[in-house]
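These notes concern the structure reproduced below.
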Amino acid sequence: MLIAASKAIMDPNRNAFMRLPKTVRFQLMVVLSCLWSVIFCASAGLIVWLPGYVFAHAVLLAIGIFGTSWVFKTAGRSLSNITEANK
């Protein structure tokens with residue numbers, strides 16, 4: 001189950017970015033990797049230094065999940081708009 005879920009996001013031949021040009025795919029994945037790096041670093045800092053702020057960790061995780069979801073949905077919508085405009 002985890003392998004299938006990770007392939008849905010990380011495999012460029014299966015995810016929502018598959019029809020985008022490779023350079024755009026790369027740029028979006030770099031932005032998402034930076035987003036998740038900041039979230040994990042901030043979460044690690046919160047857990048190590050301020051264990052009482054578990055709520056902030058949950059908020060950061062939710063921001064990452066919804067941000068990733070938004071990027072994939074926006075890419076799918078913009079791709080359909082581009083293909084319709086080219087017809």
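Ligands are numbered from 1 in the order shown, residues from 1 within each chain, and chains are lettered A, B, ... in the order they appear in the structure tokens.
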At a cut-off of 10 Å, using only C-alpha atoms, what residues contact stretch 68-70 of chain A? Leave out same-chain residues fewer than 5 positions from it and give the result as a ChimeraX atom specification.
/A:9,28-29,31-33,35-36,62-63,75-76
Name all residues at most 9 Å from A:Phe72 (count only C-alpha atoms; drop same-chain ones fewer than 5 positions away) and give them as a list in words.
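Counting only the stated atoms, we get Ile9, Asn15, Ala16, Phe17, Gly67 and Arg77 of chain A.
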Distance of atom CA of A:Ala42 from atom CA of A:Ser6, expressed in Å to one decimal place:
22.7 Å
DSSP alpha helix (DSSP H) residues within chain A, listed as an MDAnalysis selection string:
chainID A and resid 2:10 22:49 54:86
Atom CA of A:Gly64 and atom CA of A:Ser37, how far apart in Å?
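About the pair atom CA of A:Ser37 and atom CA of A:Gly64: they are 9.8 Å apart.
Nearest residue to A:Val38, choosing from A:His57, A:Arg14, A:Arg19, A:Lys73 and counting only C-alpha atoms: A:His57.
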Residue nearest A:Leu60 - candidates A:Lys22, A:Thr74, A:Ser43, A:Val48, atoms counted: only C-alpha atoms
A:Ser43
